[in-house]
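Engineer: my_file.txt is reproduced below (compact mmCIF, C-alpha atoms).
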```
# COMPACT_ATOMS: atom_id res chain seq x y z
CA MET N 1 105.59 70.69 77.16
CA LYS N 2 106.69 69.97 80.73
CA ILE N 3 108.06 72.03 83.60
CA LYS N 4 110.04 70.41 86.39
CA CYS N 5 111.10 72.21 89.56
CA HIS N 6 113.49 70.71 92.08
CA ASN N 7 114.12 72.55 95.36
CA ILE N 8 112.59 75.81 94.10
CA GLY N 9 110.64 78.08 96.44
CA LYS N 10 108.33 75.87 98.51
CA ILE N 11 108.59 73.01 96.05
CA SER N 12 110.75 70.00 96.72
CA ASP N 13 109.85 68.20 93.50
CA ALA N 14 107.26 68.98 90.83
CA ASP N 15 106.79 67.42 87.42
CA ILE N 16 103.95 69.20 85.60
CA ASP N 17 102.83 68.16 82.12
CA ILE N 18 101.39 71.22 80.35
CA GLN N 19 99.44 70.08 77.32
CA LYS N 20 96.46 72.18 76.24
CA ILE N 21 95.16 73.35 79.61
CA THR N 22 96.77 72.36 82.90
CA LEU N 23 95.12 73.35 86.18
CA ILE N 24 96.80 73.13 89.58
CA ALA N 25 94.56 73.23 92.65
CA GLY N 26 95.44 73.23 96.32
CA LEU N 27 95.63 75.16 99.53
CA ASN N 28 97.40 78.52 99.82
CA SER N 29 101.19 78.53 100.27
CA THR N 30 101.77 75.11 98.70
CA GLY N 31 103.88 76.20 95.71
CA LYS N 32 101.26 76.68 92.99
CA SER N 33 102.51 80.15 92.07
CA THR N 34 106.11 78.92 92.11
CA ILE N 35 105.33 76.72 89.11
CA GLY N 36 103.94 79.67 87.17
CA LYS N 37 106.84 81.96 88.06
CA SER N 38 109.42 79.34 87.12
CA LEU N 39 107.73 78.71 83.78
CA PHE N 40 107.54 82.44 83.04
CA CYS N 41 111.20 83.04 83.89
CA ILE N 42 112.81 80.24 81.92
CA PHE N 43 110.45 80.75 78.97
CA ASN N 44 111.02 84.48 78.69
CA ALA N 45 114.77 84.29 79.28
CA LEU N 46 114.99 82.13 76.16
CA TYR N 47 112.40 84.03 74.10
CA LYS N 48 114.27 85.32 71.03
CA PHE N 49 117.39 85.57 73.17
CA ASP N 50 119.58 86.18 70.13
CA GLU N 51 117.74 89.45 69.51
CA LYS N 52 117.89 90.37 73.20
CA ILE N 53 121.63 89.68 73.36
CA ASN N 54 122.29 91.84 70.30
CA ARG N 55 120.17 94.62 71.77
CA LEU N 56 122.00 94.38 75.09
CA LYS N 57 125.41 94.54 73.40
CA LYS N 58 124.43 97.51 71.23
CA ASN N 59 123.07 99.42 74.22
CA SER N 60 126.19 98.62 76.26
CA ILE N 61 128.45 99.92 73.50
CA ILE N 62 126.37 103.07 73.17
CA LYS N 63 126.62 103.66 76.93
CA LYS N 64 130.39 103.22 76.84
CA PHE N 65 130.64 105.92 74.19
CA SER N 66 128.20 108.12 76.12
CA ARG N 67 130.85 108.73 78.77
CA SER N 68 132.28 111.30 76.40
CA SER N 69 131.09 114.84 77.04
CA LYS N 70 130.50 115.17 73.29
CA ILE N 71 127.70 112.57 73.47
CA ILE N 72 124.78 113.86 75.48
CA SER N 73 122.70 110.73 76.04
CA ALA N 74 122.77 106.96 75.67
CA ARG N 75 119.20 106.93 74.34
CA GLU N 76 119.02 105.83 70.72
CA ASP N 77 116.84 108.77 69.71
CA SER N 78 119.46 111.29 70.85
CA VAL N 79 122.79 109.52 70.29
CA ASP N 80 125.21 110.58 67.59
CA GLU N 81 124.36 108.66 64.40
CA ASN N 82 127.98 107.57 64.02
CA VAL N 83 127.85 105.87 67.42
CA LEU N 84 124.68 104.00 66.45
CA GLU N 85 126.24 102.83 63.19
CA CYS N 86 129.40 101.75 65.00
CA ALA N 87 127.48 99.69 67.59
CA LYS N 88 125.42 98.07 64.83
CA ALA N 89 128.49 97.17 62.77
CA LEU N 90 130.33 95.67 65.74
CA VAL N 91 127.42 93.56 67.01
CA GLU N 92 125.78 92.45 63.78
CA GLY N 93 129.17 91.75 62.24
CA ASN N 94 130.05 89.51 65.19
CA VAL N 95 133.39 91.31 65.46
CA GLN N 96 135.76 89.97 68.15
CA SER N 97 139.27 90.79 66.94
CA LEU N 98 140.78 93.77 68.77
CA ASN N 99 142.29 95.09 65.53
CA GLU N 100 138.97 94.84 63.71
CA ILE N 101 137.17 96.62 66.58
CA GLN N 102 139.80 99.37 66.41
CA ARG N 103 139.36 99.69 62.65
CA ILE N 104 135.57 99.98 62.79
CA VAL N 105 135.64 102.50 65.65
CA ASN N 106 138.23 104.66 63.83
CA GLU N 107 136.18 104.44 60.65
CA LYS N 108 132.82 105.32 62.22
CA ILE N 109 133.63 107.78 65.02
CA PRO N 110 135.85 110.87 64.83
CA LEU N 111 138.68 110.84 67.38
CA SER N 112 137.56 114.26 68.59
CA VAL N 113 134.37 112.67 69.94
CA LEU N 114 136.26 110.09 72.01
CA GLU N 115 138.38 112.68 73.84
CA ASN N 116 141.45 110.42 74.21
CA LYS N 117 139.39 107.55 75.68
CA SER N 118 139.48 105.32 72.62
CA ASP N 119 141.88 102.71 74.05
CA ASP N 120 139.82 102.19 77.22
CA ILE N 121 136.55 102.03 75.31
CA ILE N 122 137.90 99.60 72.71
CA ASN N 123 139.21 97.23 75.41
CA GLU N 124 135.85 97.28 77.20
CA ILE N 125 134.01 96.64 73.93
CA ALA N 126 136.32 93.73 73.19
CA ASP N 127 135.56 92.18 76.60
CA LEU N 128 131.84 92.55 75.91
CA LEU N 129 131.90 91.11 72.38
CA VAL N 130 133.86 88.00 73.37
CA THR N 131 131.54 87.19 76.28
CA PRO N 132 129.84 83.86 75.42
CA ASN N 133 126.11 84.12 74.75
CA GLU N 134 125.53 81.36 77.32
CA GLU N 135 126.84 83.62 80.09
CA ILE N 136 124.52 86.42 79.03
CA ILE N 137 121.52 84.05 78.95
CA GLU N 138 122.41 82.90 82.46
CA TRP N 139 122.42 86.53 83.52
CA PHE N 140 119.01 87.12 81.89
CA LEU N 141 117.51 84.15 83.73
CA SER N 142 119.15 85.03 87.05
CA ASP N 143 117.77 88.55 86.79
CA LEU N 144 114.25 87.28 86.07
CA LEU N 145 114.33 84.75 88.91
CA ASP N 146 115.77 87.30 91.36
CA ASN N 147 112.97 89.68 90.50
CA GLU N 148 110.18 87.11 90.76
CA PHE N 149 111.46 85.39 93.92
CA ASN N 150 113.02 88.39 95.66
CA LYS N 151 116.46 86.73 95.57
CA GLN N 152 115.15 83.64 97.40
CA ILE N 153 114.87 81.17 94.54
CA GLN N 154 115.79 78.05 96.46
CA THR N 155 113.90 76.46 99.34
CA LEU N 156 115.00 78.31 102.49
CA SER N 157 115.67 75.14 104.43
CA ARG N 158 117.72 73.62 101.59
CA VAL N 159 119.73 76.48 100.06
CA SER N 160 122.86 74.33 99.96
CA ALA N 161 121.07 71.50 98.13
CA PRO N 162 121.13 71.23 94.30
CA SER N 163 118.27 73.05 92.60
CA SER N 164 117.04 73.11 89.02
CA ILE N 165 114.27 74.15 86.68
CA THR N 166 113.75 72.07 83.55
CA LEU N 167 111.59 73.04 80.58
CA THR N 168 110.92 70.20 78.13
CA ILE N 169 109.75 71.14 74.64
CA GLN N 170 109.50 68.56 71.86
CA LYS N 171 111.55 66.08 73.92
CA GLN N 172 114.37 68.62 74.32
CA ASP N 173 115.31 69.35 77.95
CA ILE N 174 116.40 72.90 78.75
CA ARG N 175 117.73 72.76 82.30
CA ALA N 176 118.86 75.62 84.54
CA PHE N 177 121.03 74.68 87.52
CA ILE N 178 120.81 77.02 90.51
CA VAL N 179 123.48 77.36 93.22
CA ASN N 180 123.33 79.82 96.13
CA ASN N 181 120.22 81.43 94.65
CA GLU N 182 121.94 82.19 91.35
CA VAL N 183 121.84 80.47 87.96
CA ASP N 184 125.08 78.49 87.77
CA SER N 185 124.61 77.10 84.26
CA ILE N 186 122.02 76.33 81.59
CA GLN N 187 122.06 73.08 79.69
CA ASN N 188 120.83 72.93 76.08
CA THR N 189 119.77 76.52 75.49
CA GLU N 190 117.24 76.83 72.69
CA ILE N 191 115.76 79.97 71.17
CA LEU N 192 112.02 80.08 71.86
CA ASN N 193 109.95 82.06 69.38
CA THR N 194 106.84 82.45 71.52
CA ARG N 195 106.62 84.23 74.84
CA ALA N 196 104.82 83.44 78.09
CA ILE N 197 102.28 85.92 79.45
CA TYR N 198 101.58 85.80 83.19
CA LEU N 199 98.40 87.31 84.69
CA ASP N 200 97.96 87.30 88.45
CA ASP N 201 96.72 90.78 89.32
CA PRO N 202 94.02 92.67 87.38
CA PHE N 203 95.16 95.89 89.06
CA VAL N 204 98.01 96.11 86.53
CA LEU N 205 95.47 98.08 84.47
CA ASP N 206 95.77 100.92 86.99
CA PHE N 207 99.46 101.29 86.12
CA LEU N 208 99.46 101.57 82.34
CA ASP N 209 101.03 104.99 82.79
CA PHE N 210 103.72 103.58 85.13
CA PRO N 211 105.69 101.00 83.09
CA PHE N 212 108.14 100.25 85.90
CA TRP N 213 105.49 99.17 88.41
CA GLY N 214 105.47 95.63 89.77
CA VAL N 215 107.65 92.56 89.34
CA GLN N 216 108.96 91.50 85.94
CA HIS N 217 105.93 89.53 84.76
CA GLN N 218 103.65 92.45 85.64
CA ARG N 219 105.86 94.97 83.83
CA GLU N 220 105.90 92.67 80.80
CA LEU N 221 102.10 92.44 80.90
CA ILE N 222 101.80 96.23 81.07
CA ARG N 223 103.97 96.52 77.96
CA ARG N 224 101.73 94.02 76.14
CA LEU N 225 98.57 95.88 77.20
CA LYS N 226 99.94 99.14 75.82
CA ASP N 227 100.41 97.63 72.35
CA GLN N 228 97.87 98.95 69.87
CA PRO N 229 95.05 96.65 68.67
CA LEU N 230 95.62 94.87 65.39
CA SER N 231 92.52 96.56 63.99
CA ASN N 232 94.67 99.68 63.64
CA TYR N 233 97.12 97.91 61.34
CA ASP N 234 97.03 98.08 57.54
CA GLU N 235 97.72 94.39 56.95
CA ILE N 236 94.28 93.26 55.75
CA ALA N 237 95.17 89.57 55.68
CA GLN N 238 96.48 89.67 59.23
CA LYS N 239 93.36 91.46 60.45
CA PHE N 240 91.12 88.90 58.75
CA ILE N 241 92.91 85.94 60.33
CA VAL N 242 92.95 87.45 63.82
CA ASN N 243 89.35 88.66 63.69
CA LYS N 244 88.19 85.26 62.48
CA LYS N 245 89.94 83.56 65.39
CA ILE N 246 88.76 85.87 68.13
CA ASN N 247 85.22 86.66 66.97
CA ARG N 248 83.63 83.78 68.91
CA ILE N 249 85.73 84.58 71.99
CA LEU N 250 84.88 88.29 71.91
CA GLU N 251 81.19 87.49 71.68
CA LYS N 252 81.49 85.48 74.88
CA ILE N 253 83.54 88.19 76.62
CA SER N 254 81.00 90.86 75.63
CA SER N 255 78.42 89.27 77.92
CA ALA N 256 80.58 90.50 80.81
CA CYS N 257 82.66 93.26 79.20
CA ASP N 258 81.16 95.30 76.36
CA GLY N 259 83.84 97.93 75.86
CA ASN N 260 87.49 98.58 75.06
CA ILE N 261 90.64 100.26 76.32
CA VAL N 262 91.20 103.49 74.42
CA GLN N 263 94.23 105.76 74.42
CA LYS N 264 94.23 109.54 74.13
CA GLY N 265 97.75 110.87 74.22
CA PRO N 266 99.60 109.13 77.05
CA LYS N 267 96.41 108.35 79.00
CA PHE N 268 94.31 105.18 78.90
CA SER N 269 90.62 104.81 79.69
CA PHE N 270 87.78 102.33 79.21
CA GLN N 271 85.07 103.19 76.69
CA ASP N 272 81.71 101.53 77.21
CA ARG N 273 80.37 100.41 73.83
CA THR N 274 76.72 100.70 74.88
CA THR N 275 76.83 104.27 76.24
CA GLY N 276 79.90 105.52 74.35
CA LYS N 277 81.17 107.08 77.58
CA SER N 278 84.72 106.81 78.85
CA LEU N 279 85.62 105.70 82.35
CA ASN N 280 88.89 106.00 84.21
CA ILE N 281 90.39 102.50 84.21
CA LYS N 282 90.98 102.71 87.95
CA ASN N 283 87.21 102.99 88.44
CA LEU N 284 86.45 99.69 86.72
CA SER N 285 85.30 96.87 88.97
CA THR N 286 88.11 94.43 89.69
CA GLY N 287 86.24 91.56 88.06
CA LEU N 288 85.66 93.57 84.90
CA LYS N 289 89.39 94.38 84.73
CA THR N 290 90.15 90.67 84.31
CA PHE N 291 87.97 90.50 81.19
CA VAL N 292 89.33 93.81 79.87
CA ILE N 293 92.90 92.49 80.10
CA ILE N 294 92.13 89.29 78.20
CA LYS N 295 90.16 91.20 75.57
CA ARG N 296 93.01 93.67 75.02
CA LEU N 297 95.58 90.87 74.69
CA LEU N 298 93.37 89.19 72.11
CA GLU N 299 92.81 92.32 70.07
CA ASN N 300 96.46 93.39 69.91
CA GLY N 301 97.81 89.94 69.08
CA SER N 302 99.69 89.34 72.34
CA LEU N 303 97.98 85.97 72.71
CA GLU N 304 99.87 84.33 69.89
CA GLN N 305 99.60 80.98 68.15
CA ASN N 306 101.24 78.22 70.23
CA GLY N 307 102.14 80.73 72.93
CA THR N 308 101.94 80.21 76.68
CA LEU N 309 99.45 81.82 79.07
CA ILE N 310 99.83 81.60 82.86
CA LEU N 311 96.81 82.49 85.00
CA ASP N 312 97.33 82.64 88.76
CA GLU N 313 93.98 82.45 90.57
CA PRO N 314 92.10 84.41 87.88
CA GLU N 315 88.78 83.72 89.59
CA VAL N 316 89.60 85.60 92.81
CA HIS N 317 87.64 88.75 91.93
CA LEU N 318 84.92 87.07 89.86
CA HIS N 319 81.34 86.22 90.86
CA PRO N 320 80.58 82.50 90.23
CA GLU N 321 78.56 83.43 87.14
CA TRP N 322 81.51 85.34 85.70
CA GLN N 323 83.85 82.52 86.71
CA LYS N 324 81.81 80.29 84.43
CA ILE N 325 82.05 82.76 81.53
CA PHE N 326 85.78 83.26 82.06
CA ALA N 327 86.37 79.50 82.08
CA GLU N 328 84.67 79.14 78.71
CA VAL N 329 86.71 82.06 77.33
CA ILE N 330 89.95 80.35 78.40
CA VAL N 331 88.93 77.07 76.75
CA LEU N 332 88.03 78.90 73.53
CA ILE N 333 91.38 80.73 73.55
CA GLN N 334 93.18 77.41 73.78
CA ILE N 335 91.18 75.96 70.90
CA GLU N 336 91.61 78.95 68.57
CA PHE N 337 95.28 79.65 69.28
CA GLY N 338 96.63 76.24 70.33
CA MET N 339 98.13 77.83 73.43
CA HIS N 340 99.62 76.06 76.43
CA ILE N 341 97.62 77.40 79.38
CA LEU N 342 98.67 76.92 83.00
CA ILE N 343 96.09 77.83 85.66
CA ASN N 344 96.37 77.95 89.45
CA SER N 345 93.04 77.96 91.27
CA HIS N 346 91.28 77.19 94.53
CA SER N 347 87.71 77.84 93.35
CA PRO N 348 85.58 74.70 92.93
CA TYR N 349 83.17 76.72 90.73
CA PHE N 350 85.91 77.74 88.32
CA ILE N 351 87.61 74.34 88.30
CA GLU N 352 84.35 72.55 87.53
CA ALA N 353 83.58 75.07 84.77
CA ILE N 354 86.99 74.44 83.18
CA ASP N 355 86.33 70.69 83.33
CA ILE N 356 82.84 71.01 81.81
CA TYR N 357 83.90 73.30 78.94
CA GLU N 358 86.91 71.12 78.15
CA GLN N 359 84.46 68.25 77.73
CA LYS N 360 81.96 70.38 75.79
CA TYR N 361 84.58 71.46 73.24
CA GLY N 362 86.28 68.06 73.03
CA ILE N 363 89.73 68.77 74.51
CA ARG N 364 89.37 67.11 77.95
CA ASP N 365 91.63 64.18 77.06
CA ASN N 366 94.55 66.54 76.44
CA CYS N 367 94.18 68.55 79.65
CA ASN N 368 95.65 67.85 83.08
CA PHE N 369 94.65 68.53 86.68
CA TYR N 370 97.07 68.49 89.62
CA LEU N 371 96.63 68.76 93.37
CA SER N 372 99.38 70.22 95.53
CA ASN N 373 100.45 68.40 98.69
CA SER N 374 100.58 70.78 101.63
CA ASN N 375 103.12 68.73 103.59
CA ASN N 376 105.97 67.83 101.25
CA GLY N 377 106.06 70.32 98.36
CA THR N 378 105.00 67.86 95.65
CA PHE N 379 102.06 67.57 93.25
CA ASP N 380 99.79 64.66 92.30
CA GLU N 381 98.11 64.34 88.93
CA VAL N 382 94.38 63.84 89.58
CA SER N 383 92.95 64.24 86.07
CA ASP N 384 90.84 61.11 86.55
CA ASN N 385 89.91 61.92 90.14
CA LEU N 386 88.69 65.50 90.45
CA GLU N 387 86.75 64.50 93.57
CA SER N 388 90.04 64.76 95.47
CA ILE N 389 90.14 68.46 94.50
CA TYR N 390 86.50 69.12 95.32
CA SER N 391 86.78 67.28 98.64
CA LEU N 392 89.66 69.55 99.68
CA LEU N 393 88.12 72.80 98.47
CA PHE N 394 84.60 72.12 99.77
CA SER N 395 85.82 70.94 103.18
CA PRO N 396 85.70 74.46 104.74
CA LEU N 397 82.03 74.72 103.75
CA GLN N 398 81.33 71.26 105.16
CA ASN N 399 83.12 72.20 108.39
CA MET N 400 80.96 75.31 108.72
CA GLU N 401 77.84 73.24 108.15
CA ASN N 402 79.00 70.90 110.89
CA GLU N 403 79.54 73.87 113.19
CA ARG N 404 76.07 75.19 112.30
CA ALA N 405 74.53 71.79 113.12
CA ALA N 406 76.42 71.68 116.42
CA LEU N 407 75.25 75.21 117.23
CA ILE N 408 71.62 74.27 116.51
CA ASP N 409 71.92 71.15 118.67
CA ASN N 410 73.42 73.20 121.48
CA ASN N 411 70.61 75.80 121.25
CA GLU N 412 68.01 73.03 121.30
CA HIS N 413 69.67 71.54 124.37
CA VAL N 414 69.64 74.91 126.17
CA ARG N 415 65.98 75.42 125.23
CA GLU N 416 65.05 72.03 126.69
CA ILE N 417 66.81 72.89 129.94
CA ASP N 418 64.88 76.17 130.11
CA ILE N 419 61.57 74.40 129.45
CA HIS N 420 62.08 71.67 132.01
CA GLY N 421 63.68 73.91 134.59
```
Would you encode the structure as structure tokens?
Structural biologist:
Amino acid sequence: MKIKCHNIGKISDADIDIQKITLIAGLNSTGKSTIGKSLFCIFNALYKFDEKINRLKKNSIIKKFSRSSKIISAREDSVDENVLECAKALVEGNVQSLNEIQRIVNEKIPLSVLENKSDDIINEIADLLVTPNEEIIEWFLSDLLDNEFNKQIQTLSRVSAPSSITLTIQKQDIRAFIVNNEVDSIQNTEILNTRAIYLDDPFVLDFLDFPFWGVQHQRELIRRLKDQPLSNYDEIAQKFIVNKKINRILEKISSACDGNIVQKGPKFSFQDRTTGKSLNIKNLSTGLKTFVIIKRLLENGSLEQNGTLILDEPEVHLHPEWQKIFAEVIVLIQIEFGMHILINSHSPYFIEAIDIYEQKYGIRDNCNFYLSNSNNGTFDEVSDNLESIYSLLFSPLQNMENERAALIDNNEHVREIDIHG
């Protein structure tokens, strides 16, 4: 799998090969997060888009009928059953003929409910049903990109220049062309059956009761975290397979996080397995929240086979010892689930741990390392030269050591002047 970004955010050109684990290192504000956001947006716009389009059309039809005073709400749990059946028949039957739409509406919904608005509603439904799926997918992707980039998708200095995001899967290029900060067209749309999960802020745990908090990838993560663990399901075979896969990973996580998210009514808390006591999730240490999130996603099946996981600076709140544990957990997740994992990082501890555990578990040859260029918005593959990463990331420490040495020399010089008058 590959992701290419041209004139997106701070990136002029990026060509990133995401095999098993791909790690991008570099200074702040060099476009690392732009890669992750672009991957999330194009991946999730195409994730089961046929189902999303059908759902969108059904909900739109329901809302059109909800204008009638006889229909109280557009929510599916309170809409007239006839309206639900009508929307289902129109969408799932792929109805586009005006006469056929009229027939189904007359058959499913009493005229008294429509209050003399049937002609207007039928014309609007016809316009919706004949809208090409490609246009709706473009809207999905535009909405995602707008949300993630705050309506500034293209490089500010080159808004008039051509821009594109290309996702390559199994030698098939899916390319989105962007003009004036909007998706102009998508070439070769393909339905993707696995989603991308993006983790960049462990504080999402504090908002499990607020599903509309954050940008799109954070809201999506909150929805995934609220899913119940698979251990609550009745499918014995499914439980066996999942438990077998995650057992080794959970053992490793337990060295840092020995507990689980529990739900009582609408509220979520963290239950410590050792003491049995519950703790408000907001009171968890930030580092612990990172492990809790990964553990929850494992237990409820959100980290799926051949899926995609995006981690943006996951080490920020972790002590170096926990960075080492987290790195091993990520490598084990890749091995057990065959996931494509994209990581952005500027921690030499974490990067070296990823490198070591990739070698330990025999996947190093299928993993990539990139270094962002601070001057021109491009990225260099440095998989065979990690010293270039360490040299950049350790340079602040070396500079401080140089300053310390200069300070000592200066103090010695002052002392000699004092001694010799």
Engineer: For a test of reading the model, state the distance in Å between atom CA of Gln19 of chain N and atom CA of Ser302 of chain N, rounded to one decimal.
Structural biologist: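 Rounded to one decimal, the two atoms are 19.9 Å apart.
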Engineer: Please compute the atom CA of Arg224 of chain N-atom CA of Leu303 of chain N distance, one decimal, in Å.
Structural biologist: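 Going from atom CA of Arg224 of chain N over to atom CA of Leu303 of chain N covers 9.5 Å.
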Engineer: Considering only C-alpha atoms, give me a table of residues in segment 164-243 of chain N that are at most 9 Å from segment 127-149 of chain N, with the closest atom pair and distance in Å for each, as JSON lines.
Structural biologist:
```
{"residue": "N:Ala176", "atom": "CA", "partner": "N:Glu138", "partner_atom": "CA", "distance": 8.4}
{"residue": "N:Ile178", "atom": "CA", "partner": "N:Ser142", "partner_atom": "CA", "distance": 8.9}
{"residue": "N:Asn181", "atom": "CA", "partner": "N:Asp146", "partner_atom": "CA", "distance": 8.1}
{"residue": "N:Glu182", "atom": "CA", "partner": "N:Ser142", "partner_atom": "CA", "distance": 5.9}
{"residue": "N:Val183", "atom": "CA", "partner": "N:Ser142", "partner_atom": "CA", "distance": 5.4}
{"residue": "N:Asp184", "atom": "CA", "partner": "N:Glu138", "partner_atom": "CA", "distance": 7.4}
{"residue": "N:Ser185", "atom": "CA", "partner": "N:Glu138", "partner_atom": "CA", "distance": 6.5}
{"residue": "N:Ile186", "atom": "CA", "partner": "N:Glu138", "partner_atom": "CA", "distance": 6.6}
{"residue": "N:Thr189", "atom": "CA", "partner": "N:Glu134", "partner_atom": "CA", "distance": 7.7}
{"residue": "N:Val215", "atom": "CA", "partner": "N:Asn147", "partner_atom": "CA", "distance": 6.2}
{"residue": "N:Gln216", "atom": "CA", "partner": "N:Asn147", "partner_atom": "CA", "distance": 6.3}
{"residue": "N:His217", "atom": "CA", "partner": "N:Glu148", "partner_atom": "CA", "distance": 7.7}
```
Engineer: Please, could you write that set of residues out with C-alpha atoms as a compact mmCIF listing (two decimals), in the frame of the given file?
Structural biologist:
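Okay, again_7.txt is ready:
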```
# COMPACT_ATOMS: atom_id res chain seq x y z
CA ALA N 176 118.86 75.62 84.54
CA ILE N 178 120.81 77.02 90.51
CA ASN N 181 120.22 81.43 94.65
CA GLU N 182 121.94 82.19 91.35
CA VAL N 183 121.84 80.47 87.96
CA ASP N 184 125.08 78.49 87.77
CA SER N 185 124.61 77.10 84.26
CA ILE N 186 122.02 76.33 81.59
CA THR N 189 119.77 76.52 75.49
CA VAL N 215 107.65 92.56 89.34
CA GLN N 216 108.96 91.50 85.94
CA HIS N 217 105.93 89.53 84.76
```
Engineer: With the cut-off set at 10 Å and counting only C-alpha atoms, tabulate each residue of segment 283-382 of chain N with an atom at most that distance from an atom of segment 10-14 of chain N, showing the nearest atom pair and its distance in Å to one decimal, ordered by chain and increasing number, as JSON lines.
Structural biologist:
```
{"residue": "N:Ser372", "atom": "CA", "partner": "N:Ala14", "partner_atom": "CA", "distance": 9.3}
{"residue": "N:Asn373", "atom": "CA", "partner": "N:Ile11", "partner_atom": "CA", "distance": 9.7}
{"residue": "N:Ser374", "atom": "CA", "partner": "N:Lys10", "partner_atom": "CA", "distance": 9.8}
{"residue": "N:Asn376", "atom": "CA", "partner": "N:Ser12", "partner_atom": "CA", "distance": 6.9}
{"residue": "N:Gly377", "atom": "CA", "partner": "N:Ile11", "partner_atom": "CA", "distance": 4.4}
{"residue": "N:Thr378", "atom": "CA", "partner": "N:Asp13", "partner_atom": "CA", "distance": 5.3}
{"residue": "N:Phe379", "atom": "CA", "partner": "N:Ala14", "partner_atom": "CA", "distance": 5.9}
{"residue": "N:Asp380", "atom": "CA", "partner": "N:Ala14", "partner_atom": "CA", "distance": 8.8}
```
Engineer: Give as a list in words each residue that has an atom at most 10 Å from (102.2, 81.8, 69.3) in the file, counting all atoms listed in the file.
Structural biologist: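 Residues satisfying the cut-off, written out: Asn193, Thr194, Arg195, Ala196, Gly301, Ser302, Leu303, Glu304, Gln305, Asn306, Gly307, Thr308, Phe337, Gly338, Met339 and His340 of chain N.
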